[in-house]
Structures are given as C-alpha cells and as structure tokens.
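What follows is one structure encoded as structure tokens, with my remarks underneath.
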Amino acid sequence: MKSENANLCIVPFSPDYIDQVIEYEKQLRIEEPDTYYWEPDETYRRNLISSFNDPRFINALSFLAVENGKVIGRIDALILSSLADADCSTAYLDWISVLKSKRHGKIAQKMLMALQDVLKEKGIHLLIALMAGNDEAQRFYRNIENAAIHDEGVWIKF
C-alpha cells in the first residue's frame with residue numbers, strides 16, 4: 001500500500017519487521033518519555049515473535065508506516081468476535097501512534113485508511129476506538145471523517 005509520498009508505505013506488520021518495530025518503540029519513548037509505559041525489552045520481543053503463531057491473535061490486524069525503511073508509525077486493531085455481534089461486523093482500534101517528530105504528515109490518517117480498507121474487505125463496517133485525553137489525540141479523532149464521539153471508556157482491571 002503506497003502513499004503519495006514515494007518514501008512512505010503502509011505495510012502489514014509481519015515478523016520481518018520486529019526489529020524495526022522495537023527500534024520504533026524505543027524512539028517513541030525517547031520522544032515522549034511520559035507516554036509509553038512498557039519497555040520494548042527482550043521479553044516484549046519474544047512475545048511479539050510468538051504472537052504471529054498464537055491463535056489468540058487470529059483477529060488481530062496491525063499495520064506499519066515505513067519511511068525509507070524505518071518504522072515511523074503503527075496501528076493495531078482487532079475484529080471483535082462476540083455473540084452480541086454474531087456477524088462479527090465490528091472492530092476495535094487498540095492503538096495508533098506516530099513518532100512525535102513525524103506527526104502532522106497525515107501518517108496516522110494513511111494508516112487508518114489502510115486499516116479501514118482491509119476491514120471493509122472483511123465485512124466490517126464499524127471501528128470503535130477509545131480516545132486518549134491529550135489535546136493531540138483529541139484533535140486527531142475529532143477530525144476523522146464520518147466519526148462520531150460516543151460513550152466513555154471504562155477500564156476494569158482484575
């Protein structure tokens with residue numbers, strides 16, 4: 001999936017990109033040290049590798065924004081399989097991020113469009129996201145075409 005910028009492409013996250021994703025996540029923490037709470041350490045790397053063969057991730061979708069061979073953004077979603085939505089027509093946007101130094105180039109929007117294209121192919125017509133409270137995230141979500149703000153997120157830990 002090529003974008004207008006010949007140096008930028010949106011690609012599915014595959015095991016071939018694990019090392020680049022780890023470097024990307026390390027850079028995220030440098031650029032925004034108070035935002036990301038887990039460390040992209042060796043345990044995380046092993047978990048990423050194993051996730052590609054783990055049946056729990058069968059409904060997971062992940063795309064990367066790659067510029068000049070370097071990961072600069074990532075979007076993750078999952079198709080919800082629930083008896084309440086027996087035709088599995090809903091997905092949940094779990095995470096979208098772009099390096100702070102690369103924002104405002106419509107990279108997040110390009111990743112979102114790539115995700116939406118794949119979801120449409122799979123018969124999904126609703127993508128639900130929790131909106132972060134920071135100003136930058138608020139502006140991003142409020143400017144998505146055909147998006148409406150509903151409800152509030154509730155996190156129940158156990």
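We name chains A, B, ... following the order of the structure tokens; residues begin at 1 in each chain, and ligands are numbered from 1 as shown.
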Can you list, as a list in words, all residues belonging to segment 30-62 of chain A that DSSP tags as alpha helix (DSSP H)?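 The alpha helix (DSSP H) subset of segment 30-62 of chain A is Ile30, Glu31, Glu42, Thr43, Tyr44, Arg45, Arg46, Asn47, Leu48, Ile49, Ser50 and Ser51 of chain A.
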Enumerate, in order of chain and increasing residue number, the residues of segment 46-80 of chain A with an atom no farther than 10 Å from segment 126-148 of chain A, each with its shortest atom pair and distance in Å to one decimal, counting only C-alpha atoms, as JSON lines.
```
{"residue": "A:Ala77", "atom": "CA", "partner": "A:Leu127", "partner_atom": "CA", "distance": 8.7}
{"residue": "A:Leu78", "atom": "CA", "partner": "A:Leu127", "partner_atom": "CA", "distance": 9.3}
{"residue": "A:Ile79", "atom": "CA", "partner": "A:Leu127", "partner_atom": "CA", "distance": 8.8}
{"residue": "A:Leu80", "atom": "CA", "partner": "A:Leu127", "partner_atom": "CA", "distance": 9.7}
```
Take the residues that were just selected and, keeping N, CA and C atoms, output them as a PDB file, in the first residue's frame.
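Saved result, result-v2.pdb, follows:
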```pdb
ATOM      1  N   ALA A  77      -5.487  -3.128  15.532  1.00  0.00           N
ATOM      2  CA  ALA A  77      -6.923  -3.286  15.751  1.00  0.00           C
ATOM      3  C   ALA A  77      -7.233  -4.771  15.862  1.00  0.00           C
ATOM      4  N   LEU A  78      -8.451  -5.047  16.282  1.00  0.00           N
ATOM      5  CA  LEU A  78      -8.888  -6.436  16.308  1.00  0.00           C
ATOM      6  C   LEU A  78     -10.349  -6.500  15.937  1.00  0.00           C
ATOM      7  N   ILE A  79     -10.674  -7.569  15.223  1.00  0.00           N
ATOM      8  CA  ILE A  79     -12.057  -7.825  14.868  1.00  0.00           C
ATOM      9  C   ILE A  79     -12.709  -8.459  16.085  1.00  0.00           C
ATOM     10  N   LEU A  80     -13.804  -7.861  16.526  1.00  0.00           N
ATOM     11  CA  LEU A  80     -14.493  -8.362  17.711  1.00  0.00           C
ATOM     12  C   LEU A  80     -15.360  -9.552  17.338  1.00  0.00           C
TER      13      LEU A  80
END
```
Pick out the closest residue to Arg46 of chain A from this set: A:Gly123, A:Gly105, A:Gly153, A:Pro15. Count only C-alpha atoms.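 For Arg46 of chain A, the nearest of the given residues is A:Pro15.
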Which of chain A counts as strand (DSSP E or B) under DSSP, as number ranges by chain please? A: 2, 8-12, 60-67, 70-79, 82, 85, 90-98, 126-129
Considering only C-alpha atoms, can you say which of A:Glu152, A:Asp87, A:Leu93, A:Lys102 comes closest to Lys122 of chain A?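 Closest to Lys122 of chain A, using only C-alpha atoms: A:Asp87.
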Counting only C-alpha atoms, the option among A:Pro12, A:Pro55, A:Gly73, A:Pro40 closest to Ala108 of chain A: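 Ranked by minimum distance to Ala108 of chain A, first place goes to A:Gly73.
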When distances are computed from only C-alpha atoms, which of A:Lys100, A:Ser62, A:Ile72, A:Ile149 shows the smallest separation from Gln116 of chain A?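 Checking each candidate against Gln116 of chain A, we get A:Ser62 as the closest.
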Expressed in Å to a single decimal, how great is the separation between atom CA of Glu32 of chain A and atom CA of Asp76 of chain A?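 Going from atom CA of Glu32 of chain A over to atom CA of Asp76 of chain A, I get 19.3 Å.
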Ile124 of chain A environment, 7 Å, only C-alpha atoms, sequence neighbours closer than 2 positions dropped, as a list in words: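 Once the nearby chain positions are removed, what remains is Ser89, Thr90, Ala91, Leu119, Lys120, Lys122 and Leu126 of chain A.
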Include C-alpha atoms and write out the residues we just selected as a PDB file, in the first residue's frame.
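File written: selection-v4.pdb
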```pdb
ATOM      1  CA  SER A  89     -19.074  -6.683  11.861  1.00  0.00           C
ATOM      2  CA  THR A  90     -17.243  -4.548  14.435  1.00  0.00           C
ATOM      3  CA  ALA A  91     -13.575  -3.920  15.101  1.00  0.00           C
ATOM      4  CA  LEU A 119     -11.771  -4.103   7.421  1.00  0.00           C
ATOM      5  CA  LYS A 120     -14.226  -3.290   4.614  1.00  0.00           C
ATOM      6  CA  LYS A 122     -13.672  -8.433   5.682  1.00  0.00           C
ATOM      7  CA  LEU A 126     -17.816  -0.185  12.466  1.00  0.00           C
TER       8      LEU A 126
END
```
Between A:Arg45, A:His150, A:His125, A:Lys70, which is the closest to Ile18 of chain A once you count only C-alpha atoms? A:Arg45
Pick the closest to Asp16 of chain A from A:Glu121, A:Phe158, A:Phe52, A:Asp94: which is it, counting only C-alpha atoms?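 Comparing A:Glu121, A:Phe158, A:Phe52, A:Asp94 against Asp16 of chain A, the winner is A:Phe52.
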Would you list the contacts of Phe63 of chain A as a PyMOL selection string, taking every protein, DNA or RNA residue within 12 Å and counting only C-alpha atoms, but skipping same-chain residues closer than 3 positions in sequence? chain A and resi 1+9-15+17+21+60+66+71-78+93-98+107-108+110-118
Limited to N, CA, C and O atoms, could you put the picked residues into a file as a tab-separated table (two decimals), in the first residue's frame?
```tsv
chain	number	residue	atom	x	y	z
A	1	MET	N	0.85	-1.18	0.00
A	1	MET	CA	0.00	0.00	0.00
A	1	MET	C	0.89	1.23	0.00
A	1	MET	O	1.42	1.62	1.02
A	9	CYS	N	5.37	3.97	2.93
A	9	CYS	CA	4.38	2.96	2.57
A	9	CYS	C	3.77	2.41	3.86
A	9	CYS	O	4.38	2.42	4.92
A	10	ILE	N	2.53	1.98	3.73
A	10	ILE	CA	1.81	1.35	4.84
A	10	ILE	C	1.81	-0.14	4.53
A	10	ILE	O	1.32	-0.56	3.48
A	11	VAL	N	2.37	-0.92	5.44
A	11	VAL	CA	2.53	-2.36	5.21
A	11	VAL	C	1.97	-3.14	6.41
A	11	VAL	O	1.98	-2.64	7.53
A	12	PRO	N	1.50	-4.36	6.16
A	12	PRO	CA	1.10	-5.20	7.30
A	12	PRO	C	2.31	-5.50	8.18
A	12	PRO	O	3.42	-5.70	7.68
A	13	PHE	N	2.10	-5.53	9.48
A	13	PHE	CA	3.15	-5.89	10.43
A	13	PHE	C	3.36	-7.40	10.30
A	13	PHE	O	2.46	-8.18	10.55
A	14	SER	N	4.55	-7.78	9.91
A	14	SER	CA	4.91	-9.19	9.80
A	14	SER	C	6.17	-9.42	10.64
A	14	SER	O	6.83	-8.46	11.06
A	15	PRO	N	6.54	-10.69	10.87
A	15	PRO	CA	7.74	-10.96	11.67
A	15	PRO	C	9.01	-10.31	11.10
A	15	PRO	O	9.93	-10.01	11.85
A	17	TYR	N	9.44	-7.39	10.36
A	17	TYR	CA	9.57	-6.02	10.86
A	17	TYR	C	9.80	-5.93	12.36
A	17	TYR	O	9.84	-4.83	12.91
A	21	VAL	N	10.29	-2.54	14.51
A	21	VAL	CA	9.24	-2.11	15.43
A	21	VAL	C	9.83	-1.85	16.82
A	21	VAL	O	9.49	-0.87	17.48
A	60	ALA	N	-6.42	-10.23	15.06
A	60	ALA	CA	-5.62	-9.02	15.20
A	60	ALA	C	-5.13	-8.54	13.84
A	60	ALA	O	-4.74	-9.33	12.99
A	66	VAL	N	6.11	2.88	7.14
A	66	VAL	CA	7.54	2.71	6.93
A	66	VAL	C	8.02	3.80	5.97
A	66	VAL	O	7.48	3.93	4.86
A	71	VAL	N	10.48	2.20	10.51
A	71	VAL	CA	9.11	2.29	11.02
A	71	VAL	C	8.96	3.62	11.75
A	71	VAL	O	9.74	3.95	12.64
A	72	ILE	N	7.91	4.36	11.36
A	72	ILE	CA	7.65	5.66	12.00
A	72	ILE	C	6.24	5.72	12.58
A	72	ILE	O	5.88	6.70	13.22
A	73	GLY	N	5.43	4.66	12.36
A	73	GLY	CA	4.08	4.65	12.89
A	73	GLY	C	3.53	3.24	12.93
A	73	GLY	O	4.02	2.34	12.22
A	74	ARG	N	2.52	3.05	13.77
A	74	ARG	CA	1.90	1.73	13.92
A	74	ARG	C	0.44	1.89	14.29
A	74	ARG	O	0.07	2.79	15.06
A	75	ILE	N	-0.39	1.01	13.72
A	75	ILE	CA	-1.81	0.97	14.06
A	75	ILE	C	-2.18	-0.49	14.31
A	75	ILE	O	-1.75	-1.37	13.57
A	76	ASP	N	-2.93	-0.73	15.37
A	76	ASP	CA	-3.34	-2.08	15.75
A	76	ASP	C	-4.84	-2.10	16.02
A	76	ASP	O	-5.36	-1.19	16.68
A	77	ALA	N	-5.49	-3.13	15.53
A	77	ALA	CA	-6.92	-3.29	15.75
A	77	ALA	C	-7.23	-4.77	15.86
A	77	ALA	O	-6.38	-5.62	15.57
A	78	LEU	N	-8.45	-5.05	16.28
A	78	LEU	CA	-8.89	-6.44	16.31
A	78	LEU	C	-10.35	-6.50	15.94
A	78	LEU	O	-11.13	-5.60	16.22
A	93	LEU	N	-10.21	-0.36	17.55
A	93	LEU	CA	-8.92	0.26	17.31
A	93	LEU	C	-8.17	0.28	18.63
A	93	LEU	O	-8.53	1.01	19.54
A	94	ASP	N	-7.16	-0.55	18.74
A	94	ASP	CA	-6.44	-0.69	20.00
A	94	ASP	C	-5.36	0.38	20.17
A	94	ASP	O	-5.16	0.89	21.25
A	95	TRP	N	-4.65	0.69	19.08
A	95	TRP	CA	-3.51	1.60	19.23
A	95	TRP	C	-3.18	2.23	17.90
A	95	TRP	O	-3.19	1.56	16.86
A	96	ILE	N	-2.90	3.51	17.92
A	96	ILE	CA	-2.39	4.20	16.75
A	96	ILE	C	-1.37	5.21	17.26
A	96	ILE	O	-1.64	5.96	18.19
A	97	SER	N	-0.18	5.16	16.67
A	97	SER	CA	0.84	6.11	17.10
A	97	SER	C	1.80	6.39	15.95
A	97	SER	O	2.01	5.55	15.07
A	98	VAL	N	2.34	7.57	16.00
A	98	VAL	CA	3.34	8.03	15.03
A	98	VAL	C	4.41	8.74	15.85
A	98	VAL	O	4.10	9.43	16.82
A	107	ILE	N	0.24	10.84	8.43
A	107	ILE	CA	0.65	9.43	8.50
A	107	ILE	C	-0.39	8.61	9.25
A	107	ILE	O	-0.77	7.52	8.81
A	108	ALA	N	-0.90	9.11	10.37
A	108	ALA	CA	-1.92	8.39	11.13
A	108	ALA	C	-3.17	8.19	10.28
A	108	ALA	O	-3.76	7.11	10.27
A	110	LYS	N	-3.29	7.98	7.03
A	110	LYS	CA	-2.98	6.98	6.00
A	110	LYS	C	-3.03	5.57	6.57
A	110	LYS	O	-3.54	4.65	5.92
A	111	MET	N	-2.52	5.39	7.80
A	111	MET	CA	-2.61	4.07	8.43
A	111	MET	C	-4.07	3.71	8.69
A	111	MET	O	-4.48	2.57	8.47
A	112	LEU	N	-4.85	4.67	9.15
A	112	LEU	CA	-6.27	4.43	9.43
A	112	LEU	C	-7.01	4.05	8.14
A	112	LEU	O	-7.83	3.14	8.14
A	113	MET	N	-6.71	4.72	7.04
A	113	MET	CA	-7.35	4.38	5.76
A	113	MET	C	-6.97	2.97	5.31
A	113	MET	O	-7.82	2.22	4.82
A	114	ALA	N	-5.70	2.60	5.48
A	114	ALA	CA	-5.28	1.24	5.11
A	114	ALA	C	-6.02	0.21	5.96
A	114	ALA	O	-6.49	-0.81	5.44
A	115	LEU	N	-6.14	0.47	7.25
A	115	LEU	CA	-6.88	-0.43	8.14
A	115	LEU	C	-8.34	-0.52	7.71
A	115	LEU	O	-8.91	-1.61	7.60
A	116	GLN	N	-8.96	0.62	7.44
A	116	GLN	CA	-10.36	0.63	7.04
A	116	GLN	C	-10.57	-0.15	5.74
A	116	GLN	O	-11.57	-0.87	5.61
A	117	ASP	N	-9.66	-0.03	4.80
A	117	ASP	CA	-9.78	-0.77	3.54
A	117	ASP	C	-9.81	-2.28	3.79
A	117	ASP	O	-10.64	-3.00	3.23
A	118	VAL	N	-8.92	-2.76	4.66
A	118	VAL	CA	-8.88	-4.19	4.97
A	118	VAL	C	-10.13	-4.61	5.73
A	118	VAL	O	-10.71	-5.67	5.46
```
List as a PyMOL selection string the protein and nucleic acid residues near Glu39 of chain A, meaning an atom at most 12 Å away when only C-alpha atoms are counted, but skip any in the same chain fewer than 2 places from it. chain A and resi 22-30+33+35-37+41-45
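For the atom pair formed by atom CA of Glu67 of chain A and atom CA of Asn7 of chain A, the distance is 5.3 Å, given to one decimal.
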Please indicate the distance in Å from atom CA of Ser82 of chain A to atom CA of Ile49 of chain A, rounded to one decimal place. 26.6 Å
